[in-house]
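Data file: upload.cif. Format and content: mmCIF, C-alpha atoms.
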data_input
#
loop_
_atom_site.group_PDB
_atom_site.id
_atom_site.type_symbol
_atom_site.label_atom_id
_atom_site.label_comp_id
_atom_site.auth_asym_id
_atom_site.auth_seq_id
_atom_site.Cartn_x
_atom_site.Cartn_y
_atom_site.Cartn_z
ATOM 1 C CA MET A 1 59.095 -60.102 -21.042
ATOM 2 C CA LEU A 2 59.470 -58.357 -17.679
ATOM 3 C CA LYS A 3 60.438 -61.604 -15.988
ATOM 4 C CA LYS A 4 62.804 -62.682 -18.738
ATOM 5 C CA GLN A 5 64.491 -59.393 -19.495
ATOM 6 C CA LEU A 6 64.735 -57.862 -16.012
ATOM 7 C CA ASN A 7 65.024 -61.079 -14.011
ATOM 8 C CA ALA A 8 62.661 -59.400 -11.555
ATOM 9 C CA GLN A 9 59.907 -60.563 -9.252
ATOM 10 C CA VAL A 10 56.620 -59.829 -11.009
ATOM 11 C CA HIS A 11 53.401 -59.506 -9.018
ATOM 12 C CA TYR A 12 50.010 -58.968 -10.629
ATOM 13 C CA LEU A 13 46.882 -57.316 -9.260
ATOM 14 C CA THR A 14 43.539 -58.118 -10.874
ATOM 15 C CA LYS A 15 39.864 -58.627 -10.139
ATOM 16 C CA SER A 16 38.950 -62.021 -8.717
ATOM 17 C CA SER A 17 36.902 -62.868 -11.814
ATOM 18 C CA TYR A 18 40.077 -62.903 -13.912
ATOM 19 C CA ILE A 19 42.308 -64.869 -11.567
ATOM 20 C CA SER A 20 42.013 -68.157 -13.475
ATOM 21 C CA LEU A 21 43.558 -66.547 -16.573
ATOM 22 C CA LEU A 22 46.829 -66.036 -14.713
ATOM 23 C CA LYS A 23 47.190 -69.111 -12.529
ATOM 24 C CA ASN A 24 49.329 -71.091 -15.005
ATOM 25 C CA ASN A 25 51.597 -68.224 -16.061
ATOM 26 C CA PRO A 26 55.223 -69.074 -15.185
ATOM 27 C CA TYR A 27 56.297 -65.445 -15.615
ATOM 28 C CA ILE A 28 54.176 -64.178 -12.710
ATOM 29 C CA ASP A 29 55.482 -64.821 -9.201
ATOM 30 C CA SER A 30 52.409 -63.788 -7.247
ATOM 31 C CA VAL A 31 48.842 -62.744 -8.013
ATOM 32 C CA TYR A 32 46.728 -60.499 -5.784
ATOM 33 C CA GLN A 33 43.000 -60.261 -6.333
ATOM 34 C CA ILE A 34 40.248 -57.873 -5.349
ATOM 35 C CA ASN A 35 36.481 -57.972 -5.572
ATOM 36 C CA ASP A 36 35.614 -54.291 -5.255
ATOM 37 C CA SER A 37 38.289 -52.208 -3.565
ATOM 38 C CA ILE A 38 42.067 -52.026 -3.226
ATOM 39 C CA ASN A 39 41.478 -51.757 0.521
ATOM 40 C CA GLU A 40 41.127 -55.543 0.399
ATOM 41 C CA VAL A 41 44.841 -55.962 -0.409
ATOM 42 C CA ILE A 42 46.602 -52.658 0.253
ATOM 43 C CA ALA A 43 48.158 -53.791 3.553
ATOM 44 C CA ASP A 44 49.605 -56.897 1.900
ATOM 45 C CA LEU A 45 50.888 -54.907 -1.061
ATOM 46 C CA LYS A 46 52.668 -52.425 1.208
ATOM 47 C CA GLN A 47 54.512 -55.272 2.892
ATOM 48 C CA GLU A 48 56.009 -56.302 -0.458
ATOM 49 C CA ASN A 49 58.077 -53.065 -0.633
ATOM 50 C CA TYR A 50 57.829 -52.829 -4.396
ATOM 51 C CA ASP A 51 60.459 -51.019 -6.444
ATOM 52 C CA TYR A 52 58.067 -50.061 -9.211
ATOM 53 C CA VAL A 53 54.408 -50.072 -10.218
ATOM 54 C CA ILE A 54 53.287 -50.467 -13.832
ATOM 55 C CA ASP A 55 49.726 -49.194 -14.195
ATOM 56 C CA LEU A 56 47.969 -50.459 -17.309
ATOM 57 C CA HIS A 57 44.504 -49.330 -16.200
ATOM 58 C CA ASN A 58 45.179 -45.706 -15.311
ATOM 59 C CA ASN A 59 41.848 -45.155 -13.577
ATOM 60 C CA LEU A 60 40.767 -43.725 -10.224
ATOM 61 C CA ARG A 61 41.328 -47.044 -8.422
ATOM 62 C CA THR A 62 44.892 -47.380 -9.660
ATOM 63 C CA GLN A 63 45.623 -43.702 -8.995
ATOM 64 C CA ILE A 64 44.683 -44.288 -5.362
ATOM 65 C CA LEU A 65 46.760 -47.473 -5.297
ATOM 66 C CA LYS A 66 49.888 -45.707 -6.557
ATOM 67 C CA PHE A 67 49.428 -42.878 -4.074
ATOM 68 C CA ARG A 68 49.080 -45.257 -1.136
ATOM 69 C CA LEU A 69 52.047 -47.404 -2.141
ATOM 70 C CA GLY A 70 54.201 -44.339 -2.665
ATOM 71 C CA VAL A 71 56.719 -45.925 -5.047
ATOM 72 C CA PRO A 72 57.828 -44.907 -8.550
ATOM 73 C CA ALA A 73 55.214 -45.736 -11.173
ATOM 74 C CA LYS A 74 54.443 -45.435 -14.862
ATOM 75 C CA SER A 75 50.897 -45.261 -16.237
ATOM 76 C CA PHE A 76 49.486 -46.339 -19.570
ATOM 77 C CA ASN A 77 48.215 -43.597 -21.878
ATOM 78 C CA LYS A 78 44.610 -44.608 -22.604
ATOM 79 C CA LEU A 79 44.202 -42.018 -25.405
ATOM 80 C CA ASN A 80 40.744 -41.112 -24.150
ATOM 81 C CA MET A 81 40.568 -37.924 -26.205
ATOM 82 C CA GLU A 82 41.439 -39.753 -29.408
ATOM 83 C CA LYS A 83 38.790 -42.389 -28.648
ATOM 84 C CA PHE A 84 36.251 -39.652 -27.944
ATOM 85 C CA MET A 85 36.993 -37.965 -31.269
ATOM 86 C CA LEU A 86 36.625 -41.269 -33.128
ATOM 87 C CA THR A 87 33.356 -42.340 -31.493
ATOM 88 C CA THR A 88 31.756 -38.877 -31.433
ATOM 89 C CA PHE A 89 32.996 -37.124 -34.577
ATOM 90 C CA LYS A 90 34.406 -40.134 -36.525
ATOM 91 C CA LEU A 91 37.781 -38.388 -36.703
ATOM 92 C CA ASP A 92 40.491 -41.036 -36.514
ATOM 93 C CA SER A 93 43.639 -39.768 -34.802
ATOM 94 C CA MET A 94 44.388 -43.099 -33.134
ATOM 95 C CA PRO A 95 47.973 -44.285 -33.666
ATOM 96 C CA LYS A 96 48.278 -47.210 -36.072
ATOM 97 C CA VAL A 97 49.726 -49.271 -33.253
ATOM 98 C CA HIS A 98 48.307 -52.326 -31.518
ATOM 99 C CA ILE A 99 47.386 -51.862 -27.860
ATOM 100 C CA VAL A 100 49.978 -54.502 -26.883
ATOM 101 C CA ASP A 101 52.727 -52.341 -28.371
ATOM 102 C CA ARG A 102 51.235 -49.327 -26.613
ATOM 103 C CA TYR A 103 51.338 -51.270 -23.350
ATOM 104 C CA LEU A 104 55.008 -52.000 -24.011
ATOM 105 C CA GLU A 105 55.676 -48.263 -24.201
ATOM 106 C CA THR A 106 54.846 -48.206 -20.477
ATOM 107 C CA VAL A 107 57.923 -50.327 -19.717
ATOM 108 C CA LYS A 108 60.210 -49.171 -22.520
ATOM 109 C CA HIS A 109 62.153 -46.897 -20.138
ATOM 110 C CA LEU A 110 63.025 -49.990 -18.078
ATOM 111 C CA GLY A 111 64.855 -51.410 -21.067
ATOM 112 C CA ILE A 112 62.118 -53.852 -22.076
ATOM 113 C CA LYS A 113 62.042 -54.728 -25.772
ATOM 114 C CA ASN A 114 59.364 -56.565 -27.699
ATOM 115 C CA ASP A 115 60.443 -60.175 -28.263
ATOM 116 C CA ASN A 116 57.972 -60.397 -31.183
ATOM 117 C CA GLU A 117 56.851 -63.831 -29.996
ATOM 118 C CA GLY A 118 53.232 -62.742 -29.622
ATOM 119 C CA LEU A 119 50.889 -63.289 -26.734
ATOM 120 C CA ASP A 120 51.180 -66.039 -24.127
ATOM 121 C CA PHE A 121 48.360 -68.094 -22.677
ATOM 122 C CA PHE A 122 49.048 -71.106 -20.509
ATOM 123 C CA LEU A 123 46.950 -74.184 -19.831
ATOM 124 C CA SER A 124 47.607 -76.964 -17.362
ATOM 125 C CA ALA A 125 47.125 -80.652 -18.135
ATOM 126 C CA THR A 126 43.835 -80.613 -16.227
ATOM 127 C CA ASP A 127 42.525 -77.798 -18.440
ATOM 128 C CA LYS A 128 42.956 -79.777 -21.645
ATOM 129 C CA VAL A 129 39.712 -81.111 -23.105
ATOM 130 C CA ASP A 130 39.598 -84.441 -24.898
ATOM 131 C CA VAL A 131 38.148 -83.373 -28.246
ATOM 132 C CA SER A 132 37.817 -86.906 -29.609
ATOM 133 C CA ILE A 133 34.126 -86.639 -28.674
ATOM 134 C CA PHE A 134 33.723 -83.870 -31.269
ATOM 135 C CA PRO A 135 33.904 -84.040 -35.067
ATOM 136 C CA LYS A 136 37.383 -83.797 -36.544
ATOM 137 C CA ASP A 137 38.640 -80.410 -37.767
ATOM 138 C CA TYR A 138 35.893 -78.468 -36.029
ATOM 139 C CA ILE A 139 35.545 -74.692 -36.091
ATOM 140 C CA VAL A 140 34.958 -72.704 -32.907
ATOM 141 C CA PHE A 141 32.352 -69.924 -32.991
ATOM 142 C CA VAL A 142 32.531 -67.650 -29.935
ATOM 143 C CA ILE A 143 28.915 -66.483 -29.836
ATOM 144 C CA GLY A 144 29.076 -64.277 -26.741
ATOM 145 C CA GLY A 145 30.405 -60.843 -25.922
ATOM 146 C CA GLN A 146 30.367 -58.309 -23.128
ATOM 147 C CA HIS A 147 27.883 -56.002 -24.863
ATOM 148 C CA ALA A 148 24.954 -56.725 -27.181
ATOM 149 C CA THR A 149 26.205 -54.342 -29.869
ATOM 150 C CA LYS A 150 29.364 -56.461 -30.223
ATOM 151 C CA ILE A 151 27.360 -59.666 -30.841
ATOM 152 C CA LEU A 152 25.876 -60.925 -34.104
ATOM 153 C CA PRO A 153 22.112 -61.559 -33.978
ATOM 154 C CA ASN A 154 21.313 -65.253 -33.626
ATOM 155 C CA GLU A 155 19.654 -65.462 -37.026
ATOM 156 C CA LYS A 156 22.860 -64.125 -38.565
ATOM 157 C CA ILE A 157 24.972 -66.693 -36.723
ATOM 158 C CA ILE A 158 22.621 -69.466 -37.868
ATOM 159 C CA SER A 159 22.890 -68.339 -41.480
ATOM 160 C CA ILE A 160 26.698 -68.147 -41.289
ATOM 161 C CA ILE A 161 26.975 -71.637 -39.783
ATOM 162 C CA LYS A 162 24.792 -73.040 -42.572
ATOM 163 C CA LYS A 163 27.038 -71.426 -45.172
ATOM 164 C CA VAL A 164 30.236 -72.646 -43.520
ATOM 165 C CA ASN A 165 28.867 -76.206 -43.613
ATOM 166 C CA LYS A 166 31.592 -77.590 -41.316
ATOM 167 C CA PRO A 167 31.410 -78.865 -37.719
ATOM 168 C CA VAL A 168 31.052 -75.853 -35.414
ATOM 169 C CA LEU A 169 31.480 -75.772 -31.628
ATOM 170 C CA LEU A 170 29.643 -72.855 -30.011
ATOM 171 C CA ILE A 171 31.635 -71.338 -27.149
ATOM 172 C CA GLY A 172 30.315 -68.968 -24.512
ATOM 173 C CA GLY A 173 29.378 -68.609 -20.870
ATOM 174 C CA PRO A 174 26.251 -69.828 -19.069
ATOM 175 C CA GLU A 175 24.509 -66.628 -20.172
ATOM 176 C CA ASP A 176 24.928 -67.761 -23.799
ATOM 177 C CA PHE A 177 23.492 -71.266 -23.332
ATOM 178 C CA GLU A 178 19.916 -70.497 -24.450
ATOM 179 C CA ARG A 179 21.141 -68.661 -27.525
ATOM 180 C CA GLY A 180 23.332 -71.663 -28.275
ATOM 181 C CA GLU A 181 20.335 -73.965 -27.993
ATOM 182 C CA GLN A 182 18.417 -71.874 -30.504
ATOM 183 C CA ILE A 183 21.363 -72.046 -32.892
ATOM 184 C CA ILE A 184 21.740 -75.830 -32.750
ATOM 185 C CA GLU A 185 17.977 -76.288 -33.195
ATOM 186 C CA ASN A 186 18.225 -74.407 -36.491
ATOM 187 C CA THR A 187 21.444 -75.930 -37.822
ATOM 188 C CA THR A 188 22.660 -79.482 -38.398
ATOM 189 C CA ASN A 189 26.407 -78.905 -37.957
ATOM 190 C CA SER A 190 26.720 -77.117 -34.589
ATOM 191 C CA ILE A 191 27.299 -78.269 -30.996
ATOM 192 C CA ASN A 192 26.469 -76.089 -28.010
ATOM 193 C CA THR A 193 29.235 -76.020 -25.360
ATOM 194 C CA CYS A 194 28.200 -72.686 -23.824
ATOM 195 C CA GLY A 195 28.327 -72.845 -20.030
ATOM 196 C CA LYS A 196 29.525 -76.456 -20.066
ATOM 197 C CA TYR A 197 33.244 -75.695 -19.824
ATOM 198 C CA SER A 198 35.368 -73.327 -17.766
ATOM 199 C CA VAL A 199 37.177 -70.419 -19.419
ATOM 200 C CA LEU A 200 40.407 -72.423 -19.500
ATOM 201 C CA GLN A 201 38.673 -75.492 -20.902
ATOM 202 C CA SER A 202 37.052 -73.317 -23.570
ATOM 203 C CA ALA A 203 40.550 -72.014 -24.329
ATOM 204 C CA SER A 204 41.613 -75.642 -24.803
ATOM 205 C CA LEU A 205 38.804 -76.108 -27.340
ATOM 206 C CA ILE A 206 40.103 -73.040 -29.166
ATOM 207 C CA GLN A 207 43.680 -74.313 -29.062
ATOM 208 C CA GLN A 208 42.624 -77.552 -30.777
ATOM 209 C CA ALA A 209 40.261 -75.960 -33.312
ATOM 210 C CA LYS A 210 40.807 -75.724 -37.042
ATOM 211 C CA MET A 211 39.913 -72.026 -36.931
ATOM 212 C CA VAL A 212 37.983 -69.531 -34.793
ATOM 213 C CA ILE A 213 35.127 -67.156 -35.559
ATOM 214 C CA THR A 214 34.713 -64.632 -32.785
ATOM 215 C CA HIS A 215 33.360 -61.255 -31.851
ATOM 216 C CA ASP A 216 35.624 -58.613 -30.288
ATOM 217 C CA THR A 217 36.143 -60.616 -27.075
ATOM 218 C CA GLY A 218 38.782 -61.926 -24.692
ATOM 219 C CA MET A 219 38.539 -65.303 -26.432
ATOM 220 C CA MET A 220 39.672 -63.573 -29.614
ATOM 221 C CA HIS A 221 42.935 -62.661 -27.874
ATOM 222 C CA ILE A 222 43.316 -66.181 -26.490
ATOM 223 C CA ALA A 223 42.950 -67.484 -30.055
ATOM 224 C CA ALA A 224 45.652 -65.044 -31.136
ATOM 225 C CA ALA A 225 47.952 -66.365 -28.396
ATOM 226 C CA PHE A 226 47.522 -69.825 -29.932
ATOM 227 C CA ASN A 227 48.208 -68.381 -33.414
ATOM 228 C CA LYS A 228 44.898 -69.626 -34.738
ATOM 229 C CA LYS A 229 43.279 -68.598 -37.980
ATOM 230 C CA ILE A 230 40.749 -66.027 -36.733
ATOM 231 C CA TYR A 231 37.764 -64.431 -38.408
ATOM 232 C CA SER A 232 37.084 -61.534 -36.040
ATOM 233 C CA VAL A 233 33.687 -59.850 -36.329
ATOM 234 C CA TRP A 234 33.361 -56.141 -35.545
ATOM 235 C CA GLY A 235 30.086 -54.412 -34.736
ATOM 236 C CA ASN A 236 29.959 -51.113 -32.894
ATOM 237 C CA THR A 237 33.702 -51.228 -32.164
ATOM 238 C CA VAL A 238 36.443 -50.994 -34.795
ATOM 239 C CA PRO A 239 39.946 -52.446 -35.181
ATOM 240 C CA GLU A 240 41.280 -48.878 -35.248
ATOM 241 C CA PHE A 241 41.062 -48.847 -31.445
ATOM 242 C CA GLY A 242 44.074 -51.166 -31.620
ATOM 243 C CA MET A 243 42.497 -54.249 -30.047
ATOM 244 C CA TYR A 244 42.426 -56.583 -33.032
ATOM 245 C CA PRO A 245 44.197 -59.985 -32.755
ATOM 246 C CA TYR A 246 47.870 -59.388 -32.047
ATOM 247 C CA LEU A 247 50.344 -60.643 -34.666
ATOM 248 C CA GLU A 248 47.383 -62.353 -36.276
ATOM 249 C CA ASN A 249 47.766 -65.401 -38.448
ATOM 250 C CA GLU A 250 48.179 -64.433 -42.113
ATOM 251 C CA GLN A 251 44.993 -66.353 -42.978
ATOM 252 C CA SER A 252 42.927 -64.342 -40.511
ATOM 253 C CA LYS A 253 40.237 -61.835 -41.521
ATOM 254 C CA ARG A 254 38.669 -58.818 -39.869
ATOM 255 C CA ILE A 255 35.015 -58.803 -40.883
ATOM 256 C CA GLU A 256 33.124 -55.526 -40.584
ATOM 257 C CA VAL A 257 30.693 -53.210 -42.347
ATOM 258 C CA LYS A 258 32.664 -50.181 -43.452
ATOM 259 C CA GLY A 259 31.256 -46.820 -44.472
ATOM 260 C CA LEU A 260 28.558 -46.507 -41.798
ATOM 261 C CA ASN A 261 28.490 -42.928 -40.513
ATOM 262 C CA CYS A 262 27.358 -44.101 -37.068
ATOM 263 C CA ARG A 263 30.273 -46.451 -36.487
ATOM 264 C CA PRO A 264 32.055 -46.701 -34.103
ATOM 265 C CA CYS A 265 29.397 -45.545 -31.679
ATOM 266 C CA SER A 266 31.285 -46.601 -28.548
ATOM 267 C CA LYS A 267 34.745 -47.750 -27.508
ATOM 268 C CA ILE A 268 33.068 -50.488 -25.439
ATOM 269 C CA GLY A 269 29.446 -51.196 -26.379
ATOM 270 C CA TYR A 270 25.744 -50.829 -25.574
ATOM 271 C CA SER A 271 22.854 -53.065 -24.574
ATOM 272 C CA LYS A 272 21.178 -52.213 -27.886
ATOM 273 C CA CYS A 273 21.878 -50.236 -31.050
ATOM 274 C CA PRO A 274 21.526 -46.480 -30.314
ATOM 275 C CA LYS A 275 20.131 -45.947 -33.828
ATOM 276 C CA GLY A 276 17.778 -48.920 -33.716
ATOM 277 C CA HIS A 277 18.866 -50.452 -37.042
ATOM 278 C CA PHE A 278 21.994 -52.375 -35.943
ATOM 279 C CA LYS A 279 23.385 -52.168 -39.480
ATOM 280 C CA CYS A 280 26.949 -52.788 -38.268
ATOM 281 C CA MET A 281 25.972 -56.420 -37.626
ATOM 282 C CA GLN A 282 22.853 -56.915 -39.745
ATOM 283 C CA GLU A 283 24.736 -55.995 -42.928
ATOM 284 C CA ILE A 284 27.756 -58.245 -42.306
ATOM 285 C CA ASP A 285 28.541 -60.131 -45.535
ATOM 286 C CA GLU A 286 28.041 -63.811 -44.709
ATOM 287 C CA ASN A 287 30.055 -64.898 -47.749
ATOM 288 C CA LEU A 288 33.203 -63.545 -46.091
ATOM 289 C CA PHE A 289 33.101 -66.491 -43.698
ATOM 290 C CA LEU A 290 33.658 -69.000 -46.465
ATOM 291 C CA SER A 291 37.286 -70.171 -46.357
ATOM 292 C CA GLU A 292 39.411 -69.812 -49.440
#

Kindly present the structure from the file in structure tokens form.
Amino acid sequence: MLKKQLNAQVHYLTKSSYISLLKNNPYIDSVYQINDSINEVIADLKQENYDYVIDLHNNLRTQILKFRLGVPAKSFNKLNMEKFMLTTFKLDSMPKVHIVDRYLETVKHLGIKNDNEGLDFFLSATDKVDVSIFPKDYIVFVIGGQHATKILPNEKIISIIKKVNKPVLLIGGPEDFERGEQIIENTTNSINTCGKYSVLQSASLIQQAKMVITHDTGMMHIAAAFNKKIYSVWGNTVPEFGMYPYLENEQSKRIEVKGLNCRPCSKIGYSKCPKGHFKCMQEIDENLFLSE
């Protein structure tokens, strides 16, 4: 929207691990990447003589960046107090607004308006996977996640796949491969692709899928960009944080265990359940995954 509506040069700064997500985007003119510190790129950024900085992270690193560039800037309101109240005291004062629309508030004063066309995600021809090697009308199940408390236990995934009784491609990174192997050994309708495809190739598998089952992950948002039918699974995090699939397909579902007095326990996640029972995932109703 910035590129279209302002006809401006748009440069993007991100960590090197995310660079592939942006390389095909026609609305970004240049991408700068860092590994650990803005010192890696600050000299180059100063030479660009930017007119404005839009800060969607609003952390110590970006505060330093804005100070050193010395140009007008606008920062995203992360609502940390509201998140603290929700995770600690279960008092929900979060606005009923998706985080994408909250991001857009950061550029509203520049005259940017929501085009209501949803998210964009771009693939090149070389990223596209030939899915003729897979069963027709397959479902994608994104089995990974950044934190353990956002991931269904393997036995739960196995049980869900058996109930779905349709071809299922398991998607994840190399770290998910062994879990994927356990799943396919205990089901007859799943294929393990974890670690076998790049992020963009996995996105291609999602783009060509019949539907997507996913935890609260980046792949969930990629599926939303492709307007897929999404069954999003919520463990220790909740949709109330505003990070559910944006403009989600009308057939999509948000699957969660409501009424737990310990949930949400974190705005991000933990390596294990703080209470030890992991009810937010163990008590997920498997019948909700059956399509109407």

For the provided coordinates, the residues matched by the PyMOL selection byres ((chain A and resi 186) around 12) should be stated as a PDB file with C-alpha atoms, in the coordinates of the input.
ATOM      1  CA  ASN A 154      21.313 -65.253 -33.626  1.00  0.00           C
ATOM      2  CA  GLU A 155      19.654 -65.462 -37.026  1.00  0.00           C
ATOM      3  CA  LYS A 156      22.860 -64.125 -38.565  1.00  0.00           C
ATOM      4  CA  ILE A 157      24.972 -66.693 -36.723  1.00  0.00           C
ATOM      5  CA  ILE A 158      22.621 -69.466 -37.868  1.00  0.00           C
ATOM      6  CA  SER A 159      22.890 -68.339 -41.480  1.00  0.00           C
ATOM      7  CA  ILE A 160      26.698 -68.147 -41.289  1.00  0.00           C
ATOM      8  CA  ILE A 161      26.975 -71.637 -39.783  1.00  0.00           C
ATOM      9  CA  LYS A 162      24.792 -73.040 -42.572  1.00  0.00           C
ATOM     10  CA  ARG A 179      21.141 -68.661 -27.525  1.00  0.00           C
ATOM     11  CA  GLY A 180      23.332 -71.663 -28.275  1.00  0.00           C
ATOM     12  CA  GLU A 181      20.335 -73.965 -27.993  1.00  0.00           C
ATOM     13  CA  GLN A 182      18.417 -71.874 -30.504  1.00  0.00           C
ATOM     14  CA  ILE A 183      21.363 -72.046 -32.892  1.00  0.00           C
ATOM     15  CA  ILE A 184      21.740 -75.830 -32.750  1.00  0.00           C
ATOM     16  CA  GLU A 185      17.977 -76.288 -33.195  1.00  0.00           C
ATOM     17  CA  THR A 187      21.444 -75.930 -37.822  1.00  0.00           C
ATOM     18  CA  THR A 188      22.660 -79.482 -38.398  1.00  0.00           C
ATOM     19  CA  ASN A 189      26.407 -78.905 -37.957  1.00  0.00           C
ATOM     20  CA  SER A 190      26.720 -77.117 -34.589  1.00  0.00           C
ATOM     21  CA  ILE A 191      27.299 -78.269 -30.996  1.00  0.00           C
ATOM     22  CA  ASN A 192      26.469 -76.089 -28.010  1.00  0.00           C
TER      23      ASN A 192
END

Give me the result of the PyMOL selection byres ((chain A and resi 66) around 12) on this file, residue by residue, as a ChimeraX atom specification.
/A:38,42,45-46,50-65,67-75

Return as an NGL selection string the set of residues that the PyMOL selection byres ((chain A and resi 280) around 12) yields on the displayed structure.
:A and (148-153 or 233-238 or 255-265 or 272-279 or 281-285)

Per residue of region 181-223 of chain A within 9 Å of region 99-121 of chain A, record the nearest atom pair and its distance in Å to one decimal, counting only C-alpha atoms, with rows in chain order and ascending residue number, as a tab-separated table.
residue	atom	partner	partner_atom	distance
A:Ala203	CA	A:Phe121	CA	8.9
A:His221	CA	A:Leu119	CA	8.1
A:Ile222	CA	A:Phe121	CA	6.6

Output file for the selection above: C-alpha atoms, as a CSV table (one decimal), in the coordinates of the input:
chain,number,residue,atom,x,y,z
A,203,ALA,CA,40.6,-72.0,-24.3
A,221,HIS,CA,42.9,-62.7,-27.9
A,222,ILE,CA,43.3,-66.2,-26.5

Show me, as an mmCIF file with C-alpha atoms, keeping the file's coordinate frame, the residues that have an atom within 12 Å of Asn25 (chain A) when counting only C-alpha atoms, minus same-chain residues fewer than 6 positions from it.
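Once everything was written out, this is result11.cif:
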data_model
loop_
_atom_site.group_PDB
_atom_site.id
_atom_site.type_symbol
_atom_site.label_atom_id
_atom_site.label_comp_id
_atom_site.auth_asym_id
_atom_site.auth_seq_id
_atom_site.Cartn_x
_atom_site.Cartn_y
_atom_site.Cartn_z
ATOM 1 C CA LYS A 3 60.438 -61.604 -15.988
ATOM 2 C CA VAL A 10 56.620 -59.829 -11.009
ATOM 3 C CA HIS A 11 53.401 -59.506 -9.018
ATOM 4 C CA TYR A 12 50.010 -58.968 -10.629
ATOM 5 C CA ILE A 19 42.308 -64.869 -11.567
ATOM 6 C CA VAL A 31 48.842 -62.744 -8.013
ATOM 7 C CA LEU A 119 50.889 -63.289 -26.734
ATOM 8 C CA ASP A 120 51.180 -66.039 -24.127
ATOM 9 C CA PHE A 121 48.360 -68.094 -22.677
ATOM 10 C CA PHE A 122 49.048 -71.106 -20.509
ATOM 11 C CA LEU A 123 46.950 -74.184 -19.831
ATOM 12 C CA SER A 124 47.607 -76.964 -17.362
#

Would you work out the distance separating CA of Asn7 (chain A) from CA of Ile34 (chain A), expressed in Å to one decimal?
26.4 Å

Would you place a box with edges along x, y and z of the file around all atoms of region 232-243 of chain A listed there, add 3 Å to each of its six sides, and report the centre and edge lengths in Å to one decimal, as AutoDock Vina command-line options?
--center_x 37.0 --center_y -55.2 --center_z -33.2 --size_x 20.1 --size_y 18.7 --size_z 12.3

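Ranking A:Pro26, A:Gly172, A:Pro135, A:Pro95 by their shortest atom-to-atom distance to Gln9 (chain A), with all atoms listed in the file included, puts A:Pro26 first.
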
Between CA of Gly269 (chain A) and CA of Tyr231 (chain A), distance in Å (one decimal)
19.7 Å

Taking into account all atoms listed in the file, which residue in the set A:Ser291, A:Lys78, A:Asp29, A:Gly173 is nearest to Ile139 (chain A)?
A:Ser291

Excluding region 244-252 of chain A and residues on its chain fewer than 5 positions from it, collect all residues at most 6 Å away from it, counting all atoms listed in the file, and give them as a PyMOL selection string.
chain A and resi 221+224+227+229-231+239

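Of the residues under consideration (A:Ser132, A:Gln5, A:Ser16, A:Asn39), A:Ser132 shows the shortest atom-to-atom contact distance to Ala209 (chain A) when counting all atoms listed in the file.
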
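Residue nearest Gln201 (chain A), chosen from A:Ile171, A:Val164, A:Ala225, A:Ile268 and counting all atoms listed in the file: A:Ile171.
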
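Put simply, CA of Asp137 (chain A) is 18.7 Å away from CA of Met220 (chain A).
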
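Closest approach to Tyr270 (chain A) among A:Leu13, A:His98, A:His147, A:Val131 is made by A:His147 (distances from all atoms listed in the file).
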